[in-house]
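Have a look at data-v2.cif; it's mmCIF, C-alpha atoms:
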```cif
data_start
#
loop_
_atom_site.label_atom_id
_atom_site.label_comp_id
_atom_site.auth_asym_id
_atom_site.auth_seq_id
_atom_site.Cartn_x
_atom_site.Cartn_y
_atom_site.Cartn_z
CA MET A 1 0.00 0.00 0.00
CA ARG A 2 1.37 3.41 -0.98
CA VAL A 3 1.75 6.04 1.73
CA HIS A 4 -1.02 8.25 0.35
CA GLU A 5 -3.41 5.27 0.50
CA THR A 6 -2.58 4.85 4.19
CA LEU A 7 -3.42 8.53 4.72
CA LEU A 8 -6.72 8.08 2.89
CA GLN A 9 -7.59 5.25 5.28
CA ALA A 10 -6.72 7.50 8.23
CA LEU A 11 -9.01 10.24 6.87
CA LEU A 12 -11.97 7.87 7.17
CA HIS A 13 -11.66 8.23 10.94
CA ASP A 14 -10.09 11.70 11.35
CA TYR A 15 -11.74 13.45 8.42
CA ASN A 16 -11.70 16.88 10.12
CA ASP A 17 -7.94 16.80 10.69
CA SER A 18 -6.57 19.54 8.43
CA LEU A 19 -3.02 18.35 9.01
CA LEU A 20 -3.92 14.94 7.56
CA TRP A 21 -5.23 16.57 4.38
CA LEU A 22 -2.06 18.65 4.08
CA ALA A 23 0.03 15.54 4.71
CA LEU A 24 -1.90 13.82 1.91
CA ALA A 25 -1.02 16.66 -0.46
CA ASP A 26 2.65 16.56 0.56
CA CYS A 27 2.71 12.78 0.11
CA LEU A 28 1.19 12.99 -3.38
CA GLU A 29 3.87 15.49 -4.32
CA GLU A 30 6.58 13.15 -3.07
CA GLU A 31 4.99 10.33 -5.11
CA ASP A 32 5.37 12.48 -8.24
CA GLN A 33 1.72 13.49 -8.43
CA PRO A 34 2.09 17.29 -8.13
CA ARG A 35 -1.17 18.19 -9.85
CA GLU A 36 -3.18 15.82 -7.65
CA ALA A 37 -1.45 17.41 -4.65
CA GLU A 38 -2.38 20.87 -5.88
CA LEU A 39 -6.01 19.80 -6.31
CA VAL A 40 -6.15 18.51 -2.72
CA ARG A 41 -4.79 21.83 -1.42
CA LEU A 42 -7.14 23.90 -3.59
CA THR A 43 -10.27 21.98 -2.54
CA ARG A 44 -9.32 22.49 1.10
CA GLU A 45 -8.67 26.19 0.44
CA LEU A 46 -12.09 26.46 -1.20
CA LEU A 47 -13.76 25.45 2.07
CA SER A 48 -12.03 28.29 3.92
CA LEU A 49 -13.21 31.02 1.55
CA SER A 50 -16.29 33.13 2.21
CA ARG A 51 -19.64 32.18 0.76
CA SER A 52 -19.29 34.92 -1.86
CA PRO A 53 -18.95 33.44 -5.37
CA LEU A 54 -16.58 36.30 -6.21
CA ALA A 55 -14.20 35.15 -3.48
CA GLN A 56 -14.26 31.56 -4.69
CA GLU A 57 -13.95 31.96 -8.43
CA PRO A 58 -10.15 32.51 -8.73
CA CYS A 59 -9.62 29.27 -6.79
CA LEU A 60 -12.31 27.52 -8.82
CA GLU A 61 -10.74 28.58 -12.10
CA ARG A 62 -7.55 26.71 -11.25
CA ILE A 63 -9.50 23.68 -9.93
CA GLU A 64 -11.52 23.58 -13.15
CA ALA A 65 -8.37 23.80 -15.27
CA LEU A 66 -6.94 20.77 -13.47
CA LEU A 67 -10.16 18.78 -13.77
CA LEU A 68 -10.50 19.58 -17.47
CA ASP A 69 -6.92 18.41 -17.92
CA GLY A 70 -7.87 15.01 -16.54
CA VAL A 71 -6.62 15.31 -12.95
CA GLN A 72 -8.81 13.19 -10.66
CA PRO A 73 -9.65 14.27 -7.10
CA VAL A 74 -7.90 12.13 -4.47
CA ARG A 75 -10.34 11.19 -1.71
CA PRO A 76 -11.24 8.00 0.19
CA ARG A 77 -13.04 5.65 -2.22
CA TRP A 78 -14.65 2.24 -2.05
CA GLN A 79 -15.54 -0.27 -4.76
CA HIS A 80 -18.73 -2.29 -4.29
CA PRO A 81 -18.88 -5.89 -5.59
CA GLU A 82 -21.70 -4.90 -7.97
CA GLY A 83 -19.32 -2.46 -9.67
CA LEU A 84 -20.53 0.71 -7.94
CA SER A 85 -17.79 3.17 -6.97
CA PHE A 86 -18.30 5.32 -3.88
CA VAL A 87 -16.54 8.47 -2.67
CA PHE A 88 -16.38 9.41 1.01
CA LEU A 89 -17.90 12.80 1.89
CA THR A 90 -17.00 14.50 5.14
CA PRO A 91 -19.64 16.40 7.13
CA GLY A 92 -19.81 20.17 7.03
CA ARG A 93 -21.85 23.33 6.63
CA PHE A 94 -23.03 24.82 3.36
CA TRP A 95 -25.56 27.23 1.90
CA MET A 96 -28.44 25.39 0.29
CA GLY A 97 -30.71 26.79 -2.41
CA SER A 98 -29.66 29.91 -4.28
CA PRO A 99 -29.35 33.63 -3.45
CA ALA A 100 -32.07 35.99 -4.67
CA THR A 101 -29.56 37.61 -7.05
CA GLU A 102 -28.82 34.38 -8.94
CA GLU A 103 -30.17 34.31 -12.49
CA ARG A 104 -32.93 31.87 -13.49
CA ARG A 105 -33.50 30.79 -9.88
CA HIS A 106 -36.86 29.32 -8.85
CA GLU A 107 -38.95 30.82 -6.10
CA ASP A 108 -38.64 27.70 -3.92
CA GLU A 109 -34.80 27.80 -3.83
CA HIS A 110 -34.57 29.75 -0.57
CA TRP A 111 -30.94 30.46 0.38
CA HIS A 112 -30.33 29.05 3.86
CA PRO A 113 -27.52 27.44 5.88
CA VAL A 114 -27.48 23.70 6.48
CA GLU A 115 -25.18 21.55 8.57
CA LEU A 116 -24.61 17.85 7.96
CA THR A 117 -23.05 16.30 11.04
CA ARG A 118 -22.39 12.78 9.73
CA PRO A 119 -20.07 11.60 6.96
CA PHE A 120 -21.59 9.51 4.17
CA TRP A 121 -20.68 7.70 0.96
CA MET A 122 -22.04 8.73 -2.44
CA THR A 123 -21.77 6.81 -5.70
CA CYS A 124 -19.25 8.49 -7.99
CA HIS A 125 -21.59 8.14 -10.98
CA PRO A 126 -25.34 7.82 -11.54
CA ILE A 127 -26.45 4.18 -11.52
CA THR A 128 -25.96 2.70 -14.98
CA GLN A 129 -28.37 0.55 -16.96
CA ARG A 130 -26.07 -2.45 -16.45
CA GLN A 131 -25.86 -1.94 -12.68
CA PHE A 132 -29.61 -1.49 -12.33
CA ARG A 133 -30.30 -4.61 -14.39
CA GLN A 134 -27.84 -6.68 -12.34
CA VAL A 135 -29.62 -5.79 -9.10
CA MET A 136 -33.26 -5.48 -10.24
CA ASP A 137 -33.37 -8.02 -13.10
CA PHE A 138 -34.99 -5.55 -15.50
CA ASN A 139 -34.14 -2.31 -17.29
CA PRO A 140 -36.90 0.33 -17.54
CA SER A 141 -34.84 2.74 -19.65
CA ALA A 142 -36.42 4.39 -22.68
CA PHE A 143 -32.95 5.06 -24.12
CA ARG A 144 -31.98 1.45 -24.95
CA ALA A 145 -32.52 -1.14 -27.64
CA LEU A 146 -36.26 -1.99 -27.65
CA GLY A 147 -36.92 0.99 -25.35
CA GLU A 148 -39.46 3.71 -26.17
CA LEU A 149 -36.66 5.99 -27.44
CA SER A 150 -34.53 3.29 -29.03
CA GLY A 151 -34.26 5.34 -32.21
CA GLU A 152 -32.19 7.95 -30.35
CA VAL A 153 -29.53 5.38 -29.40
CA GLU A 154 -29.57 3.11 -32.44
CA GLY A 155 -26.28 1.24 -32.77
CA LEU A 156 -25.06 2.36 -29.32
CA ASN A 157 -24.25 0.15 -26.34
CA THR A 158 -26.21 1.78 -23.52
CA ASP A 159 -24.93 -0.41 -20.66
CA ALA A 160 -22.87 2.51 -19.30
CA PHE A 161 -25.67 5.07 -19.80
CA PRO A 162 -27.43 6.19 -16.60
CA VAL A 163 -30.61 4.20 -16.10
CA ASP A 164 -33.62 6.36 -16.97
CA SER A 165 -37.40 6.20 -16.49
CA VAL A 166 -36.99 4.84 -12.95
CA THR A 167 -39.77 5.54 -10.46
CA TRP A 168 -38.94 6.71 -6.94
CA TYR A 169 -40.20 3.38 -5.60
CA GLU A 170 -37.90 1.44 -7.94
CA ALA A 171 -34.96 3.58 -6.84
CA VAL A 172 -35.78 2.84 -3.19
CA GLU A 173 -36.10 -0.88 -3.95
CA PHE A 174 -32.70 -0.84 -5.69
CA CYS A 175 -31.16 0.48 -2.47
CA ALA A 176 -33.11 -2.03 -0.37
CA ARG A 177 -31.83 -4.95 -2.43
CA LEU A 178 -28.23 -3.77 -2.02
CA THR A 179 -28.83 -3.57 1.73
CA ARG A 180 -30.25 -7.10 1.88
CA ARG A 181 -27.23 -8.44 0.02
CA GLU A 182 -24.81 -6.97 2.55
CA PRO A 183 -25.80 -7.45 6.21
CA GLY A 184 -24.70 -4.56 8.39
CA ALA A 185 -24.68 -2.01 5.58
CA VAL A 186 -27.46 0.45 4.77
CA TYR A 187 -27.98 1.83 1.28
CA ARG A 188 -30.53 4.55 0.61
CA LEU A 189 -31.23 7.56 -1.56
CA PRO A 190 -29.51 10.75 -0.39
CA THR A 191 -31.58 13.46 1.22
CA GLU A 192 -31.96 16.61 -0.84
CA ALA A 193 -29.51 18.35 1.48
CA GLU A 194 -26.94 15.56 1.10
CA TRP A 195 -27.35 15.60 -2.67
CA GLU A 196 -26.87 19.36 -2.95
CA TYR A 197 -23.94 19.29 -0.52
CA ALA A 198 -22.30 16.64 -2.70
CA CYS A 199 -23.12 18.54 -5.89
CA ARG A 200 -21.78 21.88 -4.63
CA ALA A 201 -18.54 20.32 -3.35
CA GLY A 202 -17.67 23.29 -1.17
CA THR A 203 -18.71 25.94 -3.68
CA THR A 204 -21.31 28.71 -3.52
CA THR A 205 -21.36 29.51 -7.24
CA ALA A 206 -24.27 28.56 -9.49
CA PHE A 207 -22.41 25.40 -10.52
CA ALA A 208 -19.67 23.37 -8.89
CA HIS A 209 -17.08 24.84 -11.23
CA GLY A 210 -18.22 28.48 -11.45
CA SER A 211 -21.04 30.78 -12.50
CA SER A 212 -21.54 29.60 -16.08
CA LEU A 213 -22.28 26.32 -17.85
CA SER A 214 -22.04 25.13 -21.43
CA SER A 215 -22.73 21.68 -22.83
CA PHE A 216 -19.01 21.17 -23.30
CA ARG A 217 -19.01 20.67 -19.50
CA ALA A 218 -22.25 18.73 -18.97
CA ASN A 219 -24.89 16.91 -21.01
CA PHE A 220 -27.78 19.30 -21.64
CA GLU A 221 -29.31 21.38 -24.44
CA GLY A 222 -26.26 23.25 -25.73
CA SER A 223 -28.17 26.05 -27.42
CA SER A 224 -29.20 27.34 -23.98
CA PRO A 225 -25.96 27.86 -22.03
CA TYR A 226 -26.06 29.51 -18.62
CA GLY A 227 -24.13 32.70 -17.99
CA SER A 228 -24.01 35.34 -15.29
CA ARG A 229 -22.22 38.64 -14.69
CA ASN A 230 -21.77 39.19 -18.45
CA ILE A 231 -20.11 35.78 -18.93
CA VAL A 232 -21.51 34.26 -22.12
CA PRO A 233 -20.55 30.58 -22.52
CA PRO A 234 -20.14 29.20 -26.05
CA LEU A 235 -22.97 27.34 -27.73
CA GLY A 236 -22.34 23.63 -27.43
CA PRO A 237 -23.73 20.33 -28.70
CA ALA A 238 -27.15 18.95 -27.87
CA LEU A 239 -27.01 15.15 -27.75
CA GLY A 240 -30.73 14.80 -27.14
CA ARG A 241 -30.04 11.67 -25.11
CA PRO A 242 -27.98 10.46 -22.14
CA CYS A 243 -24.37 9.39 -22.66
CA PRO A 244 -21.99 7.06 -20.76
CA VAL A 245 -21.52 8.15 -17.14
CA GLY A 246 -18.25 9.92 -16.47
CA SER A 247 -18.03 11.38 -19.98
CA TYR A 248 -17.41 14.83 -18.50
CA PRO A 249 -14.91 15.88 -15.80
CA PRO A 250 -16.01 15.38 -12.16
CA ASN A 251 -16.73 18.10 -9.63
CA PRO A 252 -13.99 19.02 -7.10
CA TRP A 253 -14.95 16.08 -4.84
CA GLY A 254 -14.78 13.48 -7.59
CA LEU A 255 -18.50 13.10 -8.37
CA PHE A 256 -19.60 12.83 -12.00
CA ASP A 257 -22.74 14.04 -13.80
CA MET A 258 -24.06 16.13 -10.93
CA HIS A 259 -25.02 18.68 -13.61
CA GLY A 260 -26.85 17.55 -16.73
CA GLN A 261 -27.65 13.99 -17.87
CA LEU A 262 -30.80 13.02 -15.89
CA ASP A 263 -32.78 14.15 -12.88
CA GLU A 264 -31.83 12.09 -9.83
CA TRP A 265 -34.19 10.97 -7.07
CA CYS A 266 -33.71 12.08 -3.46
CA LEU A 267 -35.26 10.65 -0.31
CA ASP A 268 -37.38 13.70 0.63
CA TRP A 269 -40.98 14.60 0.05
CA TYR A 270 -41.37 17.84 -1.90
CA GLN A 271 -43.40 20.82 -0.73
CA GLU A 272 -43.00 24.28 -2.22
CA ASP A 273 -42.30 25.99 1.11
CA SER A 274 -40.54 23.15 2.88
CA TYR A 275 -37.23 24.95 3.52
CA ILE A 276 -36.87 26.37 7.04
CA THR A 277 -35.10 29.67 6.58
CA GLY A 278 -36.07 32.38 9.05
CA SER A 279 -33.99 34.85 7.07
CA SER A 280 -33.13 35.95 3.58
CA GLY A 281 -29.58 34.80 4.20
CA SER A 282 -28.20 38.32 4.64
CA GLY A 283 -27.57 37.96 8.36
CA PRO A 284 -26.39 35.23 10.73
CA ILE A 285 -28.95 32.49 11.33
CA ASP A 286 -28.64 29.05 12.81
CA PRO A 287 -28.17 26.28 10.27
CA VAL A 288 -30.75 23.55 9.78
CA ILE A 289 -29.19 20.32 11.08
CA ASN A 290 -29.41 17.16 8.93
CA PRO A 291 -32.71 18.10 7.25
CA THR A 292 -34.82 15.29 5.80
CA GLY A 293 -37.60 17.43 4.33
CA PRO A 294 -41.32 17.47 5.16
CA THR A 295 -43.01 14.41 6.62
CA GLU A 296 -45.50 14.15 3.76
CA GLY A 297 -46.26 15.56 0.34
CA GLU A 298 -47.60 14.78 -3.11
CA MET A 299 -44.25 14.42 -4.91
CA ARG A 300 -40.68 13.37 -4.18
CA VAL A 301 -37.63 15.54 -4.83
#
```

Turn this file's structure into structure tokens for me.
Amino acid sequence: MRVHETLLQALLHDYNDSLLWLALADCLEEEDQPREAELVRLTRELLSLSRSPLAQEPCLERIEALLLDGVQPVRPRWQHPEGLSFVFLTPGRFWMGSPATEERRHEDEHWHPVELTRPFWMTCHPITQRQFRQVMDFNPSAFRALGELSGEVEGLNTDAFPVDSVTWYEAVEFCARLTRREPGAVYRLPTEAEWEYACRAGTTTAFAHGSSLSSFRANFEGSSPYGSRNIVPPLGPALGRPCPVGSYPPNPWGLFDMHGQLDEWCLDWYQEDSYITGSSGSGPIDPVINPTGPTEGEMRV
């Protein structure tokens, strides 16, 4: 086992130890992985910056350059026998929703502080059609041979595409079957707060890599890029279908396809005014601790 792998094991137990993270960066440098070391330091620095996107963007620009160049975040990981890869996420505080000044925001995206007090594991990629079929013995995807949208993927092997057209109940059952196969472990959908925490990866910008998005960075309709503060992203492609998971660079914590591709189910019920805010976010307010959403509703997140 290489020294940096030993440090990753130690971080599973002492994940708040800043010295361990710095030691990991130093070790990667000594193992001739200077860019991975730089990425570790930058992601830690990102957490120390204020919640202002302006304060974070210079750091994010360098992180994004490394990710686009193929550098992979170094964090504790685990490989499941079914082929699922997990990344370890440490607990922390973050701002959930979006500020009132953010373009194209929805009225239910109230900007409020949240604290997650427990670490958790998240799959590095959305569940693929192959993985879903191995666990559930069927594939509901429309984007597959013989699926409702088979014409959009004619001639393509969709095994590595994210599974689509899954109901919330089927997603819950997928997790339940994984749990039954491994006594002592618990698999479940993430809460909305956990999902957004994982997606943001320590950032407060509109996306995990800055304030703009084009379809060169994520799979969505490329003729409608997102820009803010006079940043106009280039027009990009529009695949009109999913693509193999991991086709685009990950976010700073090593999670793929958190923007674009497909909507992803969360554990929570949805209600329009379910966020507990108590403030517009302009002044200090106590964070909501480990929120799980409303106790009932008509839809899931």

- Task: Let me know the residues the PyMOL selection byres ((chain A and resi 88-103) around 7) catches in the file above, as a PyMOL selection string.
- Result: chain A and resi 15+75-77+86-87+104-105+109-122+197+228

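For the set A:Asp69, A:Glu45, A:Glu38, A:Asp14, the residue with the smallest atom-to-atom gap to A:Tyr248 is A:Asp69, counting all atoms listed in the file.
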
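Note on the selection: in this file the PyMOL selection byres ((chain A and resi 49-58) around 10) comes out as Arg44, Glu45, Leu46, Leu47, Ser48, Cys59, Leu60, Glu61, Arg62, Ile63, Glu64, Phe94, Trp95, Gly202, Thr203, Thr204, Thr205, Ala206, His209, Gly210 and Ser211 of chain A.
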
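By all atoms listed in the file, and with residues fewer than 5 positions from stretch 135-145 of chain A along its chain excluded, the set lying at most 7 Å from it is Gln129, Ser150, Glu152, Val153, Thr158, Val163, Asp164, Ser165, Val166 and Phe174 of chain A.
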
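This file, queried with the PyMOL selection byres ((chain A and resi 214) around 9), gives the residues Ser212, Leu213, Ser215, Phe216, Arg217, Ala218, Asn219, Phe220, Glu221, Gly222, Ser223, Ser224, Pro225, Tyr226, Gly227, Pro233, Pro234, Leu235, Gly236 and Pro237 of chain A.
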
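With only C-alpha atoms as the atoms that count, the minimum distance from A:Ser274 to the choices A:Glu107, A:Glu5, A:Glu29, A:Glu154 is reached by A:Glu107.
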
note - atom CA of A:Glu264 and atom CA of A:Leu178 are separated by 18.0 Å

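For the choices A:Gln271, A:Ser85, A:Gln72, A:Gln79, the atom-to-atom distance to A:Pro126 is smallest for A:Ser85 when using only C-alpha atoms.
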
**Q.** Residues within 8 Å of stretch 169-173 of chain A, all atoms listed in the file, excluding chain neighbours under 5 positions, as a VMD selection string
**A.** chain A and resid 188 to 189 265

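Taking atom CA of A:Thr292 and atom CA of A:Ala201 as the two end points, the separation is 19.3 Å.
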